[in-house]
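Encoded as structure tokens, the structure appears first; notes follow it.
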Amino acid sequence: MKRKIWCFAAALAATTALTASALHPAMAQDASFYAEAAKPYKGTTIRVLDEITPLQETLSKIVPDFEKETGIKVEWELLNHFEVINKGQADMLSGRGYYDAIMLHGSQLGPMLSAGVIAPIDAYVANAKLADPAMNDHDFIQTPYKTTAFSGGKQYGFINWNYNHVYWARADLLNNPEEQAAFKAKYGYDLAPAKTIEQMRDIAQFFTRKKGAMLAGKPLESDFYGIVLEGIKGGSTFSNLWVNFIQNYGGDVLDKDGKPVFDSPQTVAALTMWRELWTYAPPGIAEYSLVDVPTVMGNGIAAQSLAWSDFVLGIDKPGVSPYAGKFVYAPVPAKAGNEAKRHADAEPSVTVISAASKNPEATFLFLEWLASKRQQDKLIEMGQGGVPIRESSWALPAIKDASNSTLFAAMKSSLAVASARPKMEKYPEMFDAMSGIAQQVGLGKMTPEEGAKQGQAILVKLCGGKSCTI
Amino acid sequence: MTRASDRMTTEPAPVSAPVLRERRWYPYLLIGPSMIMLVVVSLVPFLYAVYLSFHAAKFGRVTDFIGFDNYAALLADPRFWNSIGVAATFVVIAVPIEFMLGLTGALVLNQNVRGRSLLIPLLFMPTMMAPIVVGLLWKIMLAGSWGFLSYNVLERFDILPGTSVFASPDYALYALIFVDIWQWTPFMMLAFFAGLQALPLGPYRAAAVDGANPLQMFFHITLPLMTPLLAVIGLLRFIDAFKVFDTIYILTGGGPGISTETPSILANKMTFEFWNIGEASALAVLVWIAFFAFCSVFYQIAKKKLNAF
């Protein structure tokens with residue numbers, strides 16, 4: 001009897017394996033391609049530096065498969081957001097080449113391309129021995145891919161991470177009948193996830209309450225805030241203001257030719273809204289980083305936010321936040337009347353090969369393998385979701401049948417309009433100065449008009465009358 | 001008649017020329033290794049910084065000699081002057097308070113207070129803590145809304161309502177000064193206490209016989225005898241406070257805006273964020289020149305007027 005069970009199990013396993021390979025011939029071909037292509041590099045060790053987020057933690061479980069398939073050893077190092085920027089850039093600029101590949105946020109590409117420390121991959125993509133025939137780069141979500149991985153007619157990588165902002169709110173509050181009635185009485189329309197920035201402002205104003213006041217039928221034990229936004233100097237405070245507010249209002253930092261246009265009336269209007277929203281946020285907003293915002297939401301201190309969707313994945317989990325499952329997500333709100341030209345902040349990122357790498361071919365194979373459909377599908381399934389870089393990933397069961405389906409709908413909406421920030425040599429200087437202005441305006445220490453004027457002056461000085469972009 | 005043994009004690013034995021030559025080199029031989037280390041780890045990097053400050057150095061690549069352009073750009077940058085102003089405010093407020101509190105505490109400790117042997121190691125705790133721990137500790141204490149002090153004291157007693165001290169351009173610098181005072185006053189106290197313990201008792205006994213009161217003893221005996229130590233400790237603390245980096249980096253990162261950006265924070269930003277190494281080196285050299293000038297003047301005054309050094 002026992003023997004019969006074993007035989008049945010073996011037959012079932014063999015059938016499953018055969019069926020799987022028969023159903024996915026491209027995947028089988030994909031695996032054999034890497035094994036063949038990597039033969040000359042077998043035994044090579046490559047070092048890769050990436051950022052630690054829930055996405056990379058899942059990816060780290062897949063990386064050993066590459067080693068098994070190819071015989072190329074990967075030393076996979078994960079550091080936090082700020083460290084990966086500092087350490088990665090320092091290594092590339094030093095020319096030491098300790099890391100063969102380094103993950104760069106889209107915003108880092110301008111300075112690093114200006115310094116000439118990123119190796120283009122065009123030669124490898126054109127090399128039949130190295131280029132995966134099943135890659136299908138048309139499947140990448142195109143705007144983030146095209147605006148991030150290419151510059152000056154050269155390709156510098158694939159797309160690796162599609163970090164993006166989504167609108168995040170407390171569903172239990174928005175669906176509360178008492179709150180809904182009170183909101184409608186005050187604002188004249190139904191309480192629901194904000195579709196416009198003006199609605200987001202109304203919700204923020206409505207839910208900002210003092211300790212002791214009632215919230216969803218219960219007295220508050222401490223102050224409650226209508227919104228929480230990132231406000232720290234550095235981080236992504238200014239990218240939130242820039243794309244989610246200024247661009248949605250029709251303004252921008254630079255025009256199409258790379259000339260500064262920060263002192264427009266649209267920017268002033270966006271800064272005015274920015275300032276107003278800060279008055280409905282916790283007093284520590286100017287200290288909040290991209291990690292603190294999801295923490296505040298997870299602790300139930302604020303009603304809504306604009307947050308990085310990959311960080312949301314780490315909070316909206318049973319056991320992590322008491323409000324897990326009580327959240328709702330939506331696309332980043334547009335400016336009322338400007339919905340057709342909506343924008344959503346995103347930081348498409350790419351793992352590039354350092355110009356000082358001594359193993360560029362083996363590194364290229366690894367980066368190609370990471371971006372392949374087979375690995376991306378695995379990443380999404382293993383992570384029970386994730387942030388897709390491929391259009392085909394939206395159809396995967398882990399996303400299609402996810403319990404928090406509104407999150408993936410919001411991500412898809414954001415990525416549909418997401419693009420990389422302009423590639424500027426002096427991006428860090430610009431960003432630092434603008435972050436300061438974002439804080440000062442938010443805190444009410446500078447008027448929106450002064451902020452726009454000062455920002456323009458800084459940009460003009462930084463660019464020296466030339467185009468700010470490379 | 002002089003005995004041979006007496007002669008030996010009064011007149012040095014004649015030394016041959018080669019031995020003399022050897023003895024002349026002997027001290028240099030002893031200090032040589034330390035001097036080489038000092039030159040390698042201190043002087044060479046400094047000279048390289050001076051070299052970089054006269055060159056266009058962006059993204060770690062040193063290119064053209066540009067004379068004083070980096071210095072001119074820096075001196076014309078309001079952000080540089082803001083950082084000097086921030087550091088000056090920090091030093092001018094923090095160091096005198098630490099000095100006064102430290103000296104007062106040392107005088108109290110010197111009065112044979114009970115439990116002194118337990119108190120001294122406890123007092124050393126803030127100074128012994130790594131700056132990153134101090135930063136995190138005060139972040140937890142003063143963070144907006146949820147910080148231990150923010151929630152239990154500031155909010156409960158409606159002090160600074162709706163404010164987060166580290167997020168406020170009006171209060172952030174003063175909060176950092178407070179943290180510095182908390183960290184470094186015990187060090188000043190213990191250094192002064194050690195000085196007080198080493199003072200001779202003779203002058204105090206004589207003063208007591210002459211009927212001097214404690215205040216007269218303090219101003220006419222303690223303070224003059226302690227002056228060299230006070231000058232040295234004060235100078236060291238002044239230099240250290242001006243260079244403060246770690247706690248500011250952890251607590252505010254120089255913000256909000258540039259309200260807590262000291263020259264050290266600005267230099268770090270210029271180097272590791274903007275990769276503008278030429279200008280960052282010019283900043284380092286300018287701060288060094290300012291310190292060198294200040295310390296030289298201070299040294300001369302302390303030497304001549306206070307009999308210190």
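Letters A, B, ... mark the chains of the structure tokens in the order given; residue numbers begin at 1 per chain; ligand numbers begin at 1, in order shown.
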Dump as a ChimeraX atom specification the residues of chain B that approach chain A to within 7 Å, counting only C-alpha atoms. /B:59-60,143-145,162-164,167,255-258,272-274
Kindly save the residues from that selection, with C-alpha atoms included, as a compact mmCIF listing (two decimals), in the first residue's frame.
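Resulting contents of part.txt:
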# COMPACT_ATOMS: atom_id res chain seq x y z
CA PHE B 59 32.28 63.53 -8.60
CA GLY B 60 35.63 62.50 -7.14
CA ALA B 143 9.59 63.26 18.67
CA GLY B 144 6.41 65.06 17.67
CA SER B 145 3.20 63.55 19.17
CA GLY B 162 0.96 71.69 18.06
CA THR B 163 4.74 71.86 17.78
CA SER B 164 7.40 69.27 17.24
CA ALA B 167 10.52 70.00 13.12
CA GLY B 255 16.79 71.02 8.88
CA PRO B 256 14.11 72.17 8.95
CA GLY B 257 15.27 74.13 5.93
CA ILE B 258 18.83 75.02 6.85
CA PHE B 272 28.67 62.94 -0.11
CA GLU B 273 25.44 64.29 -1.62
CA PHE B 274 26.57 66.92 -4.12
Nearby residues (only C-alpha atoms) at most 10 Å from Thr469 of chain A, same-chain spacing under 4 positions excluded, as a VMD selection string: chain A and resid 110 254 256 to 259 422 to 427 463
Taking 2 positions as the minimum chain separation for residues in the same chain, which residues sit within 10 Å of Phe178 of chain B when counting only C-alpha atoms? Answer as a ChimeraX atom specification. /B:90,93-94,97-98,172-176,180-183
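Distance check against Ile132 of chain B using only C-alpha atoms: of B:Leu149, B:Val92, B:Leu251, B:Ala49, the minimum falls on B:Leu251.
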Give me the residues near segment 185-187 of chain B as a ChimeraX atom specification, where near means some atom within 9 Å (using only C-alpha atoms) and where sequence neighbours in that chain fewer than 2 positions away do not count. /B:95,97-102,105,120,123-127,180-183,189-192
Taking only C-alpha atoms into account, name the residue in B:Val86, B:Ala282, B:Leu38, B:Leu107 that is nearest to Ile66 of chain B. B:Ala282
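Secondary structure from DSSP on the backbone puts strand (DSSP E or B) at the following positions of segment 17-202 of chain B: B:His55, B:Ala56, B:Ala57, B:Lys58, B:Arg61, B:Val62, B:Thr63, B:Asp64, B:Phe65.
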One residue among B:Ala231, B:Leu266, B:Val285, B:Ile36 is nearest to Ala302 of chain B when using only C-alpha atoms, and that residue is B:Ala231
Contacts of segment 316-326 of chain A within 12 Å, only C-alpha atoms, excl. fewer than 4 positions in-chain, as a PyMOL selection string: chain A and resi 54+168-176+294-303+309-312+384+402-407
Write a file of the just-selected residues containing N, CA and C atoms, as a PDB file, in the first residue's frame.
ATOM      1  N   PRO A  54      10.405  45.457   1.347  1.00  0.00           N
ATOM      2  CA  PRO A  54       9.786  44.125   1.303  1.00  0.00           C
ATOM      3  C   PRO A  54       9.988  43.435  -0.056  1.00  0.00           C
ATOM      4  N   TRP A 168      -3.777  56.550   0.117  1.00  0.00           N
ATOM      5  CA  TRP A 168      -3.991  55.534   1.144  1.00  0.00           C
ATOM      6  C   TRP A 168      -4.902  56.128   2.229  1.00  0.00           C
ATOM      7  N   ALA A 169      -6.014  55.465   2.512  1.00  0.00           N
ATOM      8  CA  ALA A 169      -6.940  56.037   3.490  1.00  0.00           C
ATOM      9  C   ALA A 169      -7.521  54.946   4.386  1.00  0.00           C
ATOM     10  N   ARG A 170      -8.116  55.381   5.472  1.00  0.00           N
ATOM     11  CA  ARG A 170      -8.754  54.464   6.424  1.00  0.00           C
ATOM     12  C   ARG A 170     -10.162  54.177   5.937  1.00  0.00           C
ATOM     13  N   ALA A 171     -10.386  52.973   5.418  1.00  0.00           N
ATOM     14  CA  ALA A 171     -11.707  52.597   4.899  1.00  0.00           C
ATOM     15  C   ALA A 171     -12.743  52.579   6.012  1.00  0.00           C
ATOM     16  N   ASP A 172     -12.325  52.146   7.210  1.00  0.00           N
ATOM     17  CA  ASP A 172     -13.291  52.075   8.314  1.00  0.00           C
ATOM     18  C   ASP A 172     -13.854  53.450   8.659  1.00  0.00           C
ATOM     19  N   LEU A 173     -13.062  54.501   8.447  1.00  0.00           N
ATOM     20  CA  LEU A 173     -13.558  55.854   8.728  1.00  0.00           C
ATOM     21  C   LEU A 173     -14.413  56.363   7.566  1.00  0.00           C
ATOM     22  N   LEU A 174     -13.925  56.125   6.349  1.00  0.00           N
ATOM     23  CA  LEU A 174     -14.663  56.624   5.177  1.00  0.00           C
ATOM     24  C   LEU A 174     -16.016  55.923   5.037  1.00  0.00           C
ATOM     25  N   ASN A 175     -16.113  54.683   5.544  1.00  0.00           N
ATOM     26  CA  ASN A 175     -17.364  53.924   5.416  1.00  0.00           C
ATOM     27  C   ASN A 175     -18.265  54.053   6.646  1.00  0.00           C
ATOM     28  N   ASN A 176     -17.842  54.800   7.633  1.00  0.00           N
ATOM     29  CA  ASN A 176     -18.646  54.927   8.846  1.00  0.00           C
ATOM     30  C   ASN A 176     -19.889  55.794   8.560  1.00  0.00           C
ATOM     31  N   PRO A 294       4.196  55.528   6.505  1.00  0.00           N
ATOM     32  CA  PRO A 294       3.423  54.299   6.680  1.00  0.00           C
ATOM     33  C   PRO A 294       3.282  53.882   8.138  1.00  0.00           C
ATOM     34  N   THR A 295       4.293  54.205   8.956  1.00  0.00           N
ATOM     35  CA  THR A 295       4.201  53.854  10.383  1.00  0.00           C
ATOM     36  C   THR A 295       3.056  54.625  11.037  1.00  0.00           C
ATOM     37  N   VAL A 296       2.956  55.915  10.727  1.00  0.00           N
ATOM     38  CA  VAL A 296       1.881  56.742  11.285  1.00  0.00           C
ATOM     39  C   VAL A 296       0.523  56.202  10.830  1.00  0.00           C
ATOM     40  N   MET A 297       0.425  55.855   9.548  1.00  0.00           N
ATOM     41  CA  MET A 297      -0.838  55.289   9.044  1.00  0.00           C
ATOM     42  C   MET A 297      -1.131  53.959   9.746  1.00  0.00           C
ATOM     43  N   GLY A 298      -0.123  53.136   9.866  1.00  0.00           N
ATOM     44  CA  GLY A 298      -0.294  51.822  10.495  1.00  0.00           C
ATOM     45  C   GLY A 298      -0.695  51.921  11.950  1.00  0.00           C
ATOM     46  N   ASN A 299      -0.263  53.015  12.618  1.00  0.00           N
ATOM     47  CA  ASN A 299      -0.617  53.199  14.025  1.00  0.00           C
ATOM     48  C   ASN A 299      -1.974  53.882  14.189  1.00  0.00           C
ATOM     49  N   GLY A 300      -2.610  54.221  13.090  1.00  0.00           N
ATOM     50  CA  GLY A 300      -3.964  54.777  13.147  1.00  0.00           C
ATOM     51  C   GLY A 300      -4.037  56.193  13.664  1.00  0.00           C
ATOM     52  N   ILE A 301      -3.020  57.006  13.364  1.00  0.00           N
ATOM     53  CA  ILE A 301      -3.001  58.386  13.862  1.00  0.00           C
ATOM     54  C   ILE A 301      -3.566  59.363  12.820  1.00  0.00           C
ATOM     55  N   ALA A 302      -3.610  58.923  11.562  1.00  0.00           N
ATOM     56  CA  ALA A 302      -4.064  59.836  10.499  1.00  0.00           C
ATOM     57  C   ALA A 302      -5.090  59.139   9.600  1.00  0.00           C
ATOM     58  N   ALA A 303      -5.904  59.951   8.927  1.00  0.00           N
ATOM     59  CA  ALA A 303      -7.001  59.409   8.117  1.00  0.00           C
ATOM     60  C   ALA A 303      -6.559  59.014   6.714  1.00  0.00           C
ATOM     61  N   SER A 309       3.916  52.738  -2.426  1.00  0.00           N
ATOM     62  CA  SER A 309       3.115  51.514  -2.346  1.00  0.00           C
ATOM     63  C   SER A 309       3.911  50.317  -1.824  1.00  0.00           C
ATOM     64  N   ASP A 310       5.220  50.286  -2.068  1.00  0.00           N
ATOM     65  CA  ASP A 310       5.999  49.148  -1.577  1.00  0.00           C
ATOM     66  C   ASP A 310       6.086  49.160  -0.054  1.00  0.00           C
ATOM     67  N   PHE A 311       6.058  50.353   0.557  1.00  0.00           N
ATOM     68  CA  PHE A 311       6.064  50.427   2.017  1.00  0.00           C
ATOM     69  C   PHE A 311       4.696  50.049   2.579  1.00  0.00           C
ATOM     70  N   VAL A 312       3.649  50.355   1.810  1.00  0.00           N
ATOM     71  CA  VAL A 312       2.294  49.978   2.217  1.00  0.00           C
ATOM     72  C   VAL A 312       2.216  48.463   2.381  1.00  0.00           C
ATOM     73  N   GLN A 384       3.370  37.484  -2.760  1.00  0.00           N
ATOM     74  CA  GLN A 384       1.908  37.669  -2.691  1.00  0.00           C
ATOM     75  C   GLN A 384       1.537  39.081  -3.139  1.00  0.00           C
ATOM     76  N   ALA A 402      -5.906  39.370  -5.330  1.00  0.00           N
ATOM     77  CA  ALA A 402      -5.402  39.838  -4.020  1.00  0.00           C
ATOM     78  C   ALA A 402      -6.546  40.377  -3.166  1.00  0.00           C
ATOM     79  N   SER A 403      -6.385  40.222  -1.824  1.00  0.00           N
ATOM     80  CA  SER A 403      -7.437  40.718  -0.915  1.00  0.00           C
ATOM     81  C   SER A 403      -7.482  42.252  -0.954  1.00  0.00           C
ATOM     82  N   ASN A 404      -6.302  42.893  -1.044  1.00  0.00           N
ATOM     83  CA  ASN A 404      -6.300  44.360  -1.119  1.00  0.00           C
ATOM     84  C   ASN A 404      -6.211  44.797  -2.589  1.00  0.00           C
ATOM     85  N   SER A 405      -7.236  44.430  -3.338  1.00  0.00           N
ATOM     86  CA  SER A 405      -7.200  44.684  -4.785  1.00  0.00           C
ATOM     87  C   SER A 405      -7.134  46.178  -5.104  1.00  0.00           C
ATOM     88  N   THR A 406      -7.672  47.018  -4.199  1.00  0.00           N
ATOM     89  CA  THR A 406      -7.646  48.463  -4.498  1.00  0.00           C
ATOM     90  C   THR A 406      -6.204  48.978  -4.541  1.00  0.00           C
ATOM     91  N   LEU A 407      -5.304  48.325  -3.774  1.00  0.00           N
ATOM     92  CA  LEU A 407      -3.900  48.751  -3.782  1.00  0.00           C
ATOM     93  C   LEU A 407      -3.296  48.546  -5.166  1.00  0.00           C
TER      94      LEU A 407
END
Excluding same-chain residues fewer than 2 positions from Gly337 of chain A, what lies within 12 Å of it counting only C-alpha atoms, as a list in words?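 Result of the neighbour search: Lys195, Thr196, Ile197, Glu198, Asn248, Tyr249, Gly250, Pro333, Ala334, Lys335, Glu339, Ala340, Lys341 and Arg342 of chain A.
Atom CA of Val165 of chain B to atom CA of Thr252 of chain B spans 10.0 Å [interatomic distance, one decimal].
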If we count only C-alpha atoms, what is near Tyr71 of chain B at a cut-off of 12 Å, once residues fewer than 6 positions away on the same chain are taken out, given as a list in words?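 The neighbour list is Val50, Leu52, Ser53, Phe54, His55, Ala56, Asp77, Phe80, Gly278, Glu279, Ala280, Ser281, Ala282, Leu283, Ala284, Val285, Leu286 and Val287 of chain B.
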If you run DSSP on the backbone, which residues of segment 224-457 of chain A are alpha helix (DSSP H), as a ChimeraX atom specification? /A:237-239,265-278,292-298,309-315,360-371,373-382,397-400,405-417,427-442,448-457
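Considering only C-alpha atoms, the residue among B:Met37, B:Ile289, B:Ile265, B:Met270 positioned nearest to Asp246 of chain B is B:Ile265.
Note that the spacing between atom CA of Ile399 of chain A and atom CA of Glu77 of chain A amounts to 27.5 Å.
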What is the distance between atom CA of Pro219 of chain A and atom CA of Met141 of chain B, in Å to one decimal? 26.2 Å
From the set B:Phe193, B:Phe298, B:Lys303, B:Leu119, which residue has the shortest atom-to-atom contact distance to Leu235 of chain B, counting only C-alpha atoms?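 Looking at the shortest contact to Leu235 of chain B, the residue is B:Phe298.
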